[in-house]
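K.L.:
Please find start_4.txt (compact mmCIF, C-alpha atoms and all ligand atoms) on the next line:
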# COMPACT_ATOMS: atom_id res chain seq x y z
CA MET A 171 12.51 27.69 11.19
CA LYS A 172 13.14 30.47 8.70
CA THR A 173 10.66 33.35 8.43
CA GLU A 174 10.53 33.69 4.64
CA ARG A 175 7.77 31.51 3.26
CA ILE A 176 8.03 29.84 -0.14
CA LEU A 177 4.97 29.48 -2.36
CA VAL A 178 5.24 26.24 -4.32
CA THR A 179 2.76 26.11 -7.18
CA GLY A 180 2.11 22.55 -8.31
CA GLY A 181 3.61 21.41 -5.02
CA THR A 182 1.75 18.11 -4.88
CA GLY A 183 3.14 17.09 -8.27
CA TYR A 184 6.18 14.96 -8.97
CA ILE A 185 9.04 17.46 -8.85
CA GLY A 186 7.07 19.89 -6.67
CA SER A 187 6.55 17.40 -3.85
CA HIS A 188 10.24 16.47 -3.74
CA THR A 189 11.12 20.15 -3.64
CA VAL A 190 8.70 20.82 -0.78
CA VAL A 191 10.49 18.11 1.21
CA GLU A 192 13.89 19.70 0.58
CA LEU A 193 12.58 23.20 1.41
CA GLN A 194 11.08 22.03 4.69
CA GLN A 195 14.23 20.15 5.58
CA ALA A 196 16.16 23.38 4.93
CA GLY A 197 13.84 25.15 7.39
CA TYR A 198 11.53 27.04 5.04
CA PRO A 199 7.82 27.33 5.75
CA VAL A 200 5.95 26.36 2.60
CA VAL A 201 2.50 26.91 1.19
CA ILE A 202 1.44 24.76 -1.74
CA ILE A 203 -1.14 25.76 -4.29
CA ASP A 204 -2.31 22.96 -6.57
CA ASN A 205 -5.55 22.19 -8.41
CA LEU A 206 -4.90 18.43 -8.03
CA SER A 207 -5.47 18.02 -11.78
CA ASN A 208 -2.55 15.60 -12.02
CA SER A 209 -1.77 14.80 -8.39
CA ASP A 210 -3.37 13.55 -5.21
CA ARG A 211 -4.00 15.15 -1.84
CA ALA A 212 -2.40 12.08 -0.21
CA VAL A 213 0.97 13.42 -1.37
CA LEU A 214 0.71 15.77 1.62
CA ASP A 215 0.75 12.72 3.91
CA GLY A 216 3.93 11.47 2.23
CA ILE A 217 5.62 14.85 2.68
CA GLU A 218 4.55 14.91 6.32
CA ARG A 219 5.85 11.38 6.95
CA ILE A 220 9.27 12.32 5.56
CA THR A 221 9.69 15.75 7.15
CA GLY A 222 7.40 15.65 10.19
CA ILE A 223 5.76 18.83 8.86
CA ARG A 224 2.51 19.10 6.96
CA PRO A 225 2.86 21.93 4.45
CA ASP A 226 0.03 24.44 4.22
CA PHE A 227 -2.11 23.61 1.22
CA VAL A 228 -4.53 25.62 -0.88
CA GLU A 229 -6.57 23.75 -3.46
CA ALA A 230 -6.97 26.22 -6.30
CA ASP A 231 -5.99 26.88 -9.86
CA CYS A 232 -3.19 29.35 -10.55
CA THR A 233 -5.01 30.62 -13.63
CA ASP A 234 -7.58 32.01 -11.15
CA LEU A 235 -6.15 35.44 -10.33
CA ASN A 236 -8.58 36.03 -7.47
CA ALA A 237 -7.66 32.75 -5.80
CA LEU A 238 -4.01 33.80 -5.96
CA LYS A 239 -4.83 37.24 -4.54
CA ASP A 240 -6.62 35.59 -1.62
CA LEU A 241 -3.62 33.34 -1.05
CA PHE A 242 -1.17 36.25 -0.90
CA ALA A 243 -3.52 38.08 1.47
CA LYS A 244 -3.57 35.05 3.75
CA TYR A 245 0.21 34.52 3.60
CA PRO A 246 1.92 37.94 3.71
CA ASP A 247 5.19 36.20 4.57
CA ILE A 248 5.65 34.70 1.07
CA LYS A 249 9.05 35.90 -0.18
CA GLY A 250 9.82 33.38 -2.89
CA ILE A 251 7.89 31.43 -5.50
CA ILE A 252 8.78 28.17 -7.18
CA ASN A 253 6.46 27.70 -10.13
CA PHE A 254 5.87 24.05 -11.04
CA ALA A 255 2.18 24.35 -11.86
CA ALA A 256 1.87 23.47 -15.54
CA SER A 257 0.57 20.94 -17.99
CA LYS A 258 3.47 18.81 -19.17
CA ALA A 259 2.52 16.09 -21.64
CA VAL A 260 4.06 16.73 -25.03
CA GLY A 261 1.58 14.53 -26.94
CA GLU A 262 -1.50 15.96 -25.23
CA SER A 263 -0.32 19.47 -26.01
CA MET A 264 -0.48 18.67 -29.74
CA HIS A 265 -4.21 17.94 -29.38
CA LYS A 266 -5.09 20.57 -26.78
CA PRO A 267 -2.87 23.56 -27.48
CA ILE A 268 -5.19 26.14 -25.91
CA LEU A 269 -5.20 24.19 -22.65
CA TYR A 270 -1.42 24.32 -22.59
CA TYR A 271 -1.10 27.99 -23.50
CA ARG A 272 -3.83 28.94 -21.03
CA ASN A 273 -2.60 26.89 -18.10
CA ASN A 274 1.09 27.48 -18.47
CA LEU A 275 1.13 31.12 -19.56
CA ASN A 276 -1.75 32.49 -17.50
CA THR A 277 -0.34 30.86 -14.39
CA LEU A 278 3.02 32.49 -14.96
CA MET A 279 1.58 35.91 -15.80
CA ASN A 280 -0.72 35.87 -12.76
CA LEU A 281 2.22 35.10 -10.50
CA LEU A 282 4.45 37.76 -12.07
CA ASP A 283 1.65 40.30 -11.71
CA LEU A 284 1.25 39.64 -8.01
CA MET A 285 4.91 39.52 -7.00
CA GLU A 286 5.67 43.21 -6.77
CA PRO A 287 2.55 44.30 -4.84
CA ASN A 288 3.16 41.46 -2.39
CA GLY A 289 6.86 42.05 -1.87
CA VAL A 290 8.02 38.74 -3.33
CA LYS A 291 11.75 38.76 -4.03
CA GLY A 292 12.11 36.05 -6.64
CA ILE A 293 10.61 33.31 -8.74
CA VAL A 294 12.15 30.02 -9.80
CA PHE A 295 10.75 28.81 -13.08
CA SER A 296 10.65 25.18 -14.27
CA SER A 297 11.89 25.16 -17.82
CA SER A 298 13.12 22.25 -19.88
CA CYS A 299 15.89 21.06 -22.13
CA THR A 300 13.15 20.87 -24.72
CA VAL A 301 14.02 24.52 -25.52
CA TYR A 302 17.21 23.27 -27.23
CA GLY A 303 15.23 21.03 -29.60
CA GLU A 304 17.58 18.65 -31.46
CA PRO A 305 20.93 20.19 -30.60
CA ASP A 306 23.69 20.45 -33.21
CA VAL A 307 26.29 19.84 -30.52
CA ASN A 308 26.19 17.92 -27.23
CA PRO A 309 26.49 18.55 -24.36
CA VAL A 310 24.38 21.71 -24.48
CA THR A 311 25.29 24.82 -22.54
CA GLU A 312 22.90 27.60 -21.60
CA GLU A 313 24.19 29.49 -24.65
CA SER A 314 23.27 26.72 -27.08
CA PRO A 315 20.75 27.93 -29.64
CA ILE A 316 17.05 27.82 -28.81
CA LYS A 317 15.37 25.84 -31.58
CA LYS A 318 11.85 26.35 -32.83
CA ALA A 319 9.55 24.43 -30.49
CA THR A 320 8.07 21.23 -31.91
CA SER A 321 5.06 21.12 -29.55
CA PRO A 322 2.78 23.63 -27.83
CA TYR A 323 4.17 22.30 -24.53
CA GLY A 324 7.72 23.14 -25.59
CA ASN A 325 6.56 26.48 -26.92
CA THR A 326 5.03 27.40 -23.55
CA LYS A 327 8.45 26.89 -21.97
CA GLN A 328 10.14 29.12 -24.55
CA ILE A 329 7.46 31.81 -24.31
CA SER A 330 7.55 31.66 -20.51
CA GLU A 331 11.29 32.27 -20.52
CA GLU A 332 10.71 35.27 -22.80
CA ILE A 333 7.90 36.63 -20.64
CA ILE A 334 10.07 36.46 -17.54
CA THR A 335 12.97 38.12 -19.36
CA ASP A 336 10.74 40.93 -20.68
CA VAL A 337 9.19 41.57 -17.27
CA ILE A 338 12.57 41.69 -15.55
CA ASN A 339 14.05 43.90 -18.28
CA ALA A 340 11.08 46.24 -17.89
CA GLY A 341 12.38 46.97 -14.40
CA ALA A 342 10.54 44.53 -12.15
CA SER A 343 11.62 44.67 -8.53
CA PHE A 344 12.20 40.92 -8.28
CA LYS A 345 14.65 38.33 -9.59
CA SER A 346 14.22 35.08 -11.45
CA VAL A 347 16.12 31.85 -11.81
CA ILE A 348 15.16 29.74 -14.81
CA LEU A 349 16.02 26.07 -14.44
CA ARG A 350 16.19 23.93 -17.56
CA TYR A 351 15.61 20.37 -16.47
CA PHE A 352 16.84 17.40 -18.43
CA ASN A 353 14.99 14.12 -17.72
CA PRO A 354 13.94 13.89 -14.07
CA VAL A 355 13.57 10.31 -12.83
CA GLY A 356 13.49 8.27 -9.61
CA ALA A 357 11.69 8.91 -6.34
CA HIS A 358 12.41 9.90 -2.77
CA PRO A 359 14.64 7.22 -1.15
CA THR A 360 12.00 6.72 1.57
CA ALA A 361 9.50 5.71 -1.17
CA GLU A 362 6.97 8.02 0.50
CA ILE A 363 6.60 10.19 -2.60
CA GLY A 364 7.30 9.67 -6.31
CA GLU A 365 5.82 10.03 -9.75
CA LEU A 366 2.11 9.19 -10.04
CA PRO A 367 1.33 8.91 -13.73
CA ASN A 368 -2.28 9.26 -14.83
CA GLY A 369 -3.37 6.33 -17.00
CA VAL A 370 -0.90 4.71 -19.39
CA PRO A 371 2.47 6.37 -18.83
CA GLN A 372 4.03 8.22 -21.76
CA ASN A 373 7.43 8.68 -20.14
CA LEU A 374 10.10 6.03 -20.05
CA ILE A 375 10.65 5.33 -16.36
CA PRO A 376 7.03 4.95 -15.22
CA TYR A 377 6.39 2.69 -18.21
CA LEU A 378 9.52 0.71 -17.38
CA THR A 379 8.70 0.23 -13.69
CA GLN A 380 5.09 -0.70 -14.51
CA THR A 381 6.39 -3.28 -16.98
CA ALA A 382 8.80 -4.65 -14.37
CA MET A 383 5.80 -4.95 -12.03
CA GLY A 384 3.82 -6.83 -14.67
CA ILE A 385 1.21 -4.09 -15.10
CA ARG A 386 2.33 -3.65 -18.72
CA LYS A 387 3.29 -6.61 -20.88
CA GLU A 388 6.42 -5.13 -22.39
CA LEU A 389 8.23 -1.88 -22.81
CA SER A 390 8.50 -0.57 -26.34
CA VAL A 391 11.91 0.91 -27.14
CA PHE A 392 11.16 3.65 -29.64
CA GLY A 393 13.81 3.07 -32.30
CA ASP A 394 17.24 1.45 -32.47
CA ASP A 395 18.32 3.04 -35.73
CA TYR A 396 19.40 6.44 -34.40
CA ASN A 397 22.89 7.76 -34.89
CA THR A 398 24.00 6.72 -31.39
CA PRO A 399 26.34 3.90 -30.23
CA ASP A 400 23.52 1.37 -29.63
CA GLY A 401 20.97 3.04 -31.92
CA SER A 402 18.53 4.09 -29.16
CA CYS A 403 17.94 7.71 -28.11
CA ILE A 404 20.17 9.38 -25.56
CA ARG A 405 18.99 11.57 -22.66
CA ASP A 406 20.41 13.00 -19.46
CA TYR A 407 18.51 11.32 -16.61
CA ILE A 408 18.67 13.34 -13.42
CA ASP A 409 17.59 12.11 -9.99
CA VAL A 410 14.51 14.00 -8.82
CA VAL A 411 15.97 14.60 -5.34
CA ASP A 412 19.11 16.15 -6.81
CA LEU A 413 16.85 18.28 -8.96
CA ALA A 414 14.75 19.31 -5.95
CA LYS A 415 17.87 20.41 -4.04
CA ALA A 416 18.83 22.78 -6.85
CA HIS A 417 15.55 24.64 -6.28
CA VAL A 418 16.40 25.33 -2.64
CA ILE A 419 19.77 26.76 -3.67
CA ALA A 420 18.14 28.83 -6.43
CA VAL A 421 15.45 30.33 -4.22
CA GLU A 422 17.95 31.07 -1.46
CA ARG A 423 20.18 32.82 -3.97
CA MET A 424 17.40 35.28 -4.76
CA LEU A 425 16.17 35.76 -1.18
CA GLN A 426 19.71 36.51 -0.01
CA ASP A 427 20.60 38.62 -3.07
CA LYS A 428 23.66 36.50 -3.75
CA SER A 429 23.82 37.42 -7.41
CA GLU A 430 24.19 40.72 -9.23
CA GLU A 431 22.09 39.32 -12.06
CA LYS A 432 18.34 39.80 -12.00
CA ILE A 433 17.79 36.79 -14.20
CA GLU A 434 19.87 33.62 -14.37
CA ILE A 435 19.48 30.44 -16.39
CA PHE A 436 20.90 27.04 -15.42
CA ASN A 437 20.94 23.61 -17.03
CA LEU A 438 20.12 20.92 -14.50
CA GLY A 439 21.51 17.61 -15.66
CA THR A 440 24.24 15.13 -14.86
CA GLY A 441 26.38 15.86 -17.90
CA ARG A 442 26.12 12.19 -18.89
CA GLY A 443 24.15 10.90 -21.83
CA VAL A 444 22.46 7.52 -21.31
CA SER A 445 20.65 5.56 -24.02
CA VAL A 446 17.27 3.90 -23.59
CA LEU A 447 18.89 0.46 -23.78
CA GLU A 448 21.57 1.47 -21.27
CA LEU A 449 18.87 2.71 -18.91
CA ILE A 450 16.99 -0.59 -19.09
CA ALA A 451 20.26 -2.42 -18.39
CA ALA A 452 21.00 -0.11 -15.45
CA PHE A 453 17.55 -0.79 -13.99
CA GLU A 454 17.94 -4.56 -14.34
CA ARG A 455 21.44 -4.46 -12.81
CA ALA A 456 20.43 -2.22 -9.90
CA THR A 457 17.23 -4.04 -8.97
CA GLY A 458 17.76 -7.57 -10.25
CA VAL A 459 14.34 -7.32 -11.93
CA LYS A 460 13.97 -8.05 -15.64
CA VAL A 461 12.18 -5.64 -17.95
CA PRO A 462 10.59 -7.38 -20.95
CA HIS A 463 11.13 -5.08 -23.91
CA LYS A 464 11.03 -4.99 -27.67
CA ILE A 465 12.32 -2.61 -30.29
CA VAL A 466 9.60 -0.79 -32.19
CA GLY A 467 9.60 2.13 -34.63
CA ARG A 468 10.63 5.65 -33.72
CA ARG A 469 8.22 7.87 -31.80
CA ALA A 470 7.20 10.95 -33.77
CA GLY A 471 8.85 14.10 -32.52
CA ASP A 472 11.58 12.41 -30.48
CA ILE A 473 14.98 14.06 -30.15
CA GLU A 474 17.88 11.76 -31.09
CA LYS A 475 20.27 12.84 -28.39
CA VAL A 476 20.55 15.57 -25.81
CA TRP A 477 22.55 15.89 -22.64
CA ALA A 478 23.62 18.78 -20.44
CA ASN A 479 26.75 20.66 -19.79
CA PRO A 480 25.91 21.45 -16.14
CA ALA A 481 29.16 23.40 -15.51
CA ARG A 482 27.40 26.68 -14.76
CA ALA A 483 25.11 25.10 -12.16
CA ASN A 484 28.11 23.24 -10.71
CA ASP A 485 30.28 26.37 -10.47
CA VAL A 486 27.79 29.13 -9.72
CA LEU A 487 25.24 27.25 -7.59
CA GLY A 488 27.75 24.84 -6.07
CA TRP A 489 25.35 22.07 -7.02
CA THR A 490 25.94 18.71 -8.68
CA ALA A 491 23.67 15.85 -9.61
CA ALA A 492 25.42 13.48 -7.23
CA THR A 493 23.13 10.44 -7.06
CA PRO A 494 24.47 7.42 -8.95
CA LEU A 495 22.11 6.16 -11.67
CA ASP A 496 21.80 2.75 -9.99
CA ASP A 497 20.52 4.37 -6.78
CA THR A 498 18.00 6.33 -8.82
CA MET A 499 16.81 3.12 -10.49
CA ARG A 500 16.40 1.48 -7.07
CA SER A 501 14.37 4.43 -5.78
CA ALA A 502 12.12 4.31 -8.86
CA TRP A 503 11.54 0.61 -8.24
CA ALA A 504 10.97 1.02 -4.49
CA TRP A 505 8.30 3.60 -5.30
CA GLN A 506 6.60 1.28 -7.79
CA CYS A 507 6.62 -1.45 -5.13
CA LYS A 508 5.11 1.00 -2.63
CA LEU A 509 2.30 1.81 -5.06
CA ARG A 510 1.59 -1.92 -5.34
CA GLU A 511 1.73 -2.37 -1.55
CA ARG A 512 -0.84 0.40 -1.16
CA GLY A 513 -3.02 -1.16 -3.85
CA ILE A 514 -2.74 1.89 -6.08
CA MET A 515 -1.28 -0.01 -9.03
C1 LIG B 1 10.22 15.03 -23.27
C2 LIG B 1 10.87 16.38 -23.29
C3 LIG B 1 10.90 17.00 -21.93
C4 LIG B 1 9.52 16.96 -21.31
C5 LIG B 1 9.05 15.53 -21.26
C6 LIG B 1 7.66 15.49 -20.64
C7 LIG B 1 12.67 16.59 -24.95
C8 LIG B 1 14.11 16.38 -25.25
N1 LIG B 1 12.26 16.27 -23.73
O1 LIG B 1 11.11 14.17 -22.68
O2 LIG B 1 11.30 18.32 -22.03
O3 LIG B 1 9.55 17.51 -20.04
O4 LIG B 1 8.99 15.02 -22.58
O5 LIG B 1 6.91 14.42 -21.06
O6 LIG B 1 11.90 17.05 -25.75
N2 LIG B 1 10.91 5.93 -24.61
C9 LIG B 1 10.79 4.62 -25.03
N3 LIG B 1 9.66 3.93 -24.67
C10 LIG B 1 8.67 4.47 -23.93
C11 LIG B 1 8.80 5.82 -23.50
C12 LIG B 1 9.93 6.52 -23.87
O7 LIG B 1 11.67 4.09 -25.70
O8 LIG B 1 7.67 3.79 -23.68
C13 LIG B 1 12.13 6.67 -24.95
C14 LIG B 1 11.89 7.91 -25.77
O9 LIG B 1 11.95 7.63 -27.13
C15 LIG B 1 13.06 8.80 -25.32
C16 LIG B 1 13.32 8.37 -23.88
O10 LIG B 1 12.70 7.09 -23.73
O11 LIG B 1 14.19 8.51 -26.07
C17 LIG B 1 12.74 9.31 -22.87
O12 LIG B 1 11.38 9.56 -23.18
P1 LIG B 1 10.41 10.35 -22.19
O13 LIG B 1 10.54 9.81 -20.81
O14 LIG B 1 9.08 10.38 -22.81
O15 LIG B 1 11.03 11.80 -22.14
P2 LIG B 1 11.49 12.79 -23.33
O16 LIG B 1 10.70 12.53 -24.55
O17 LIG B 1 12.95 12.76 -23.42
Starting from the file, give its structure as C-alpha cells.
P.N.:
Amino acid sequence: MKTERILVTGGTGYIGSHTVVELQQAGYPVVIIDNLSNSDRAVLDGIERITGIRPDFVEADCTDLNALKDLFAKYPDIKGIINFAASKAVGESMHKPILYYRNNLNTLMNLLDLMEPNGVKGIVFSSSCTVYGEPDVNPVTEESPIKKATSPYGNTKQISEEIITDVINAGASFKSVILRYFNPVGAHPTAEIGELPNGVPQNLIPYLTQTAMGIRKELSVFGDDYNTPDGSCIRDYIDVVDLAKAHVIAVERMLQDKSEEKIEIFNLGTGRGVSVLELIAAFERATGVKVPHKIVGRRAGDIEKVWANPARANDVLGWTAATPLDDTMRSAWAWQCKLRERGIM
C-alpha cells in the first residue's frame, strides 16, 4: 500500500467510483467525499466487492468549506485530489444556473484554497470536450479554440479551467492536470458499479440500455439530417474504465513530479468518431439485443460532430483508450441487467 492518500470528490458517482477502483488497485489509499446528491452509498459496497477494500467515506458537500477543513484535519496524508464533484446535466443547468455555478465553482475554489496549507501536491480536474463547442475541425487537439459556452454547465468547465490556470500562474505550490473527457460510457466489467441515472436518462447510453430492457418504449434518435455520413450526430465514446485509468496516471505524474509543467491539459478520447446510429448498431451486434428506436427532430443545443485527437495523452501519459467499443457495449448491458437483477430498475 502506498502512503500518499488521494481525496476523490464525487467518488461515489459514475466516473468517480470507477476511478476509486483503479486507484485502490494501484495501491493508493483513498478517501471519498460525496454529498450523495446523485449517487448512492451502496456504490461503496460495489467498490469493496471489486477491490476487497472499502474506501474511507465522508458524506459532506464540497461547497461546505468547514466540512472540507475537518476532512483535511482528519486525513493529513492526502497528497492528491481528483475533483469529480459537480453538477453535470446540460439541460438542468439552463434552468438552474446558480446551482451549477455555486456547486461547481465553489467546490473547486474551496479545494484550491485548502491545498497549500495542507501540503497537497496536485489536483486532477474533470473537464469536458464541451469546451470546444462545435469545432471547426475534427479531431480536436488541446490547442483547438475554446468556443463560447452554450450552457451554464459548459461555462462552469471553462471558468474552472481559467480559475485553475490563474491560481497556478499566481505561484501556487501545487500542480494541476486538466482532463477533457469526451463521452464516457460503459461500466466496470464485473458489473459491480456503473452509471445510475436519476429519473429519465438524458444521455444516450442509459436511455439505450433502459430501452433494450423494456423500461422505455423506444429510443429517440435526435436528428438524421446532420452533415455526417448517416445524418446522426457523431461523438467519441470512451470506456469509463479506460477513462478512470488515465486519472491514476495523471495523479501519479503530479505526486512524482514527472513533469516540468505546473499545469497540463489532455484530451481523453479514443480518436474515433461514432454516430448515434452506429452506436445503436454496435450495441445490438455486441449484445444480440434489439433496441427499438425512431428518428425524431434535433435536440436543441446539440453539437453535430466532435471527436478527440488523443495524441498528447497517448504520447505524454503513455495512455490509450484500449477497450473495443463492443466490449464497452457489453459492459453497459451487463450493468443494466445487474440493476434489474437487484430490482433497482
Ligand atoms: C453532453 C456534453 C458533455 C457533457 C454531457 C453531460 C457536448 C459535446 N457534450 O454530451 O460535455 O458532459 O452532455 O450530459 O456538449 N442522443 C439521442 N437520443 C437520446 C440521447 C442522446 O439521439 O435519447 C444523442 C445526442 O443527440 C448526441 C448523442 O446521443 O448526439 C450523445 O448525447 P449525450 O449522451 O446526451 O451526450 P452529449 O450531448 O454528447
K.L.:
Hey, can you check how far atom O16 of ligand LIG 1 (chain B) sits from CA of Met515 in chain A?
P.N.:
23.3 Å
K.L.:
Which one is closest to ligand LIG 1 (chain B): A:Leu447, A:Cys232, A:Ile385, A:Ile203? Count only C-alpha atoms and all ligand atoms.
P.N.:
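Of the candidates, the smallest distance to ligand LIG 1 (chain B) is held by A:Leu447.
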K.L.:
To check your reading of the model: which residues sit at most 9 Å from ligand LIG 1 (chain B) when counting all atoms listed in the file? Write the answer as a PyMOL selection string.
P.N.:
chain A and resi 258-261+297-304+320-321+323-324+350-355+371-378+389-393+402-407+445-447+449+465-466+468-477
K.L.:
Which is closer to Ile333 in chain A than all the others in A:Thr493, A:Asn280, A:Gln194, A:Asn236, using all atoms listed in the file?
P.N.:
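Going through A:Thr493, A:Asn280, A:Gln194, A:Asn236 one by one, the smallest distance to Ile333 in chain A is for A:Asn280.
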K.L.:
Using only C-alpha atoms, list the residues that have an atom at most 10 Å from (15.7, 24.5, 4.2), coordinates as in the file, as a PyMOL selection string.
P.N.:
chain A and resi 171-172+190-199+415+418-419+422
K.L.:
Which residue out of A:Asn308, A:Asn368, A:Thr221, A:Thr179 has the minimum interatomic distance to Asn208 in chain A when only C-alpha atoms are used?
P.N.:
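So, comparing all the options, the nearest one is A:Asn368.
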K.L.:
What lies within 9 Å of Thr381 in chain A using only C-alpha atoms, ignoring chain neighbours under 5 positions off, as a tab-separated table (two decimals) with C-alpha atoms, in the coordinates of the input?
P.N.:
chain	number	residue	atom	x	y	z
A	376	PRO	CA	7.03	4.95	-15.22
A	386	ARG	CA	2.33	-3.65	-18.72
A	387	LYS	CA	3.29	-6.61	-20.88
A	388	GLU	CA	6.42	-5.13	-22.39
A	389	LEU	CA	8.23	-1.88	-22.81
A	461	VAL	CA	12.18	-5.64	-17.95
A	462	PRO	CA	10.59	-7.38	-20.95
A	463	HIS	CA	11.13	-5.08	-23.91
K.L.:
I'd like the neighbourhood of Asn274 in chain A as a count of residues only, where a residue qualifies if any of its atoms comes within 8 Å (using only C-alpha atoms), though same-chain residues fewer than 5 positions away should be ignored.
P.N.:
5
K.L.:
Because the input lacks atoms here, generate N, CA and C atoms for range 406-425 of chain A and report them as a PDB file, keeping the file's coordinate frame.
P.N.:
ATOM      1  N   ASP A 406      19.663  12.763 -20.687  1.00  0.00           N
ATOM      2  CA  ASP A 406      20.410  13.000 -19.460  1.00  0.00           C
ATOM      3  C   ASP A 406      19.423  12.815 -18.306  1.00  0.00           C
ATOM      4  N   TYR A 407      19.484  11.660 -17.660  1.00  0.00           N
ATOM      5  CA  TYR A 407      18.510  11.320 -16.610  1.00  0.00           C
ATOM      6  C   TYR A 407      19.020  11.804 -15.267  1.00  0.00           C
ATOM      7  N   ILE A 408      18.242  12.712 -14.673  1.00  0.00           N
ATOM      8  CA  ILE A 408      18.670  13.340 -13.420  1.00  0.00           C
ATOM      9  C   ILE A 408      17.752  12.916 -12.276  1.00  0.00           C
ATOM     10  N   ASP A 409      18.355  12.560 -11.167  1.00  0.00           N
ATOM     11  CA  ASP A 409      17.590  12.110  -9.990  1.00  0.00           C
ATOM     12  C   ASP A 409      16.728  13.260  -9.465  1.00  0.00           C
ATOM     13  N   VAL A 410      15.476  12.951  -9.188  1.00  0.00           N
ATOM     14  CA  VAL A 410      14.510  14.000  -8.820  1.00  0.00           C
ATOM     15  C   VAL A 410      14.889  14.674  -7.490  1.00  0.00           C
ATOM     16  N   VAL A 411      15.574  13.960  -6.603  1.00  0.00           N
ATOM     17  CA  VAL A 411      15.970  14.600  -5.340  1.00  0.00           C
ATOM     18  C   VAL A 411      17.122  15.580  -5.573  1.00  0.00           C
ATOM     19  N   ASP A 412      18.057  15.200  -6.436  1.00  0.00           N
ATOM     20  CA  ASP A 412      19.110  16.150  -6.810  1.00  0.00           C
ATOM     21  C   ASP A 412      18.491  17.398  -7.420  1.00  0.00           C
ATOM     22  N   LEU A 413      17.528  17.167  -8.287  1.00  0.00           N
ATOM     23  CA  LEU A 413      16.850  18.280  -8.960  1.00  0.00           C
ATOM     24  C   LEU A 413      16.157  19.184  -7.927  1.00  0.00           C
ATOM     25  N   ALA A 414      15.471  18.558  -6.980  1.00  0.00           N
ATOM     26  CA  ALA A 414      14.750  19.310  -5.950  1.00  0.00           C
ATOM     27  C   ALA A 414      15.724  20.199  -5.156  1.00  0.00           C
ATOM     28  N   LYS A 415      16.895  19.647  -4.848  1.00  0.00           N
ATOM     29  CA  LYS A 415      17.870  20.410  -4.040  1.00  0.00           C
ATOM     30  C   LYS A 415      18.328  21.668  -4.765  1.00  0.00           C
ATOM     31  N   ALA A 416      18.412  21.598  -6.086  1.00  0.00           N
ATOM     32  CA  ALA A 416      18.830  22.780  -6.850  1.00  0.00           C
ATOM     33  C   ALA A 416      17.839  23.931  -6.665  1.00  0.00           C
ATOM     34  N   HIS A 417      16.565  23.595  -6.464  1.00  0.00           N
ATOM     35  CA  HIS A 417      15.550  24.640  -6.280  1.00  0.00           C
ATOM     36  C   HIS A 417      15.743  25.391  -4.960  1.00  0.00           C
ATOM     37  N   VAL A 418      16.159  24.679  -3.930  1.00  0.00           N
ATOM     38  CA  VAL A 418      16.400  25.330  -2.640  1.00  0.00           C
ATOM     39  C   VAL A 418      17.551  26.314  -2.783  1.00  0.00           C
ATOM     40  N   ILE A 419      18.609  25.878  -3.462  1.00  0.00           N
ATOM     41  CA  ILE A 419      19.770  26.760  -3.670  1.00  0.00           C
ATOM     42  C   ILE A 419      19.352  27.978  -4.500  1.00  0.00           C
ATOM     43  N   ALA A 420      18.541  27.736  -5.532  1.00  0.00           N
ATOM     44  CA  ALA A 420      18.140  28.830  -6.430  1.00  0.00           C
ATOM     45  C   ALA A 420      17.288  29.859  -5.698  1.00  0.00           C
ATOM     46  N   VAL A 421      16.359  29.380  -4.887  1.00  0.00           N
ATOM     47  CA  VAL A 421      15.450  30.330  -4.220  1.00  0.00           C
ATOM     48  C   VAL A 421      16.224  31.111  -3.151  1.00  0.00           C
ATOM     49  N   GLU A 422      17.135  30.426  -2.486  1.00  0.00           N
ATOM     50  CA  GLU A 422      17.950  31.070  -1.460  1.00  0.00           C
ATOM     51  C   GLU A 422      18.823  32.169  -2.067  1.00  0.00           C
ATOM     52  N   ARG A 423      19.334  31.874  -3.246  1.00  0.00           N
ATOM     53  CA  ARG A 423      20.180  32.820  -3.970  1.00  0.00           C
ATOM     54  C   ARG A 423      19.443  34.145  -4.211  1.00  0.00           C
ATOM     55  N   MET A 424      18.168  34.056  -4.511  1.00  0.00           N
ATOM     56  CA  MET A 424      17.400  35.280  -4.760  1.00  0.00           C
ATOM     57  C   MET A 424      17.018  35.955  -3.446  1.00  0.00           C
ATOM     58  N   LEU A 425      16.590  35.167  -2.458  1.00  0.00           N
ATOM     59  CA  LEU A 425      16.170  35.760  -1.180  1.00  0.00           C
ATOM     60  C   LEU A 425      17.334  36.480  -0.522  1.00  0.00           C
TER      61      LEU A 425
END
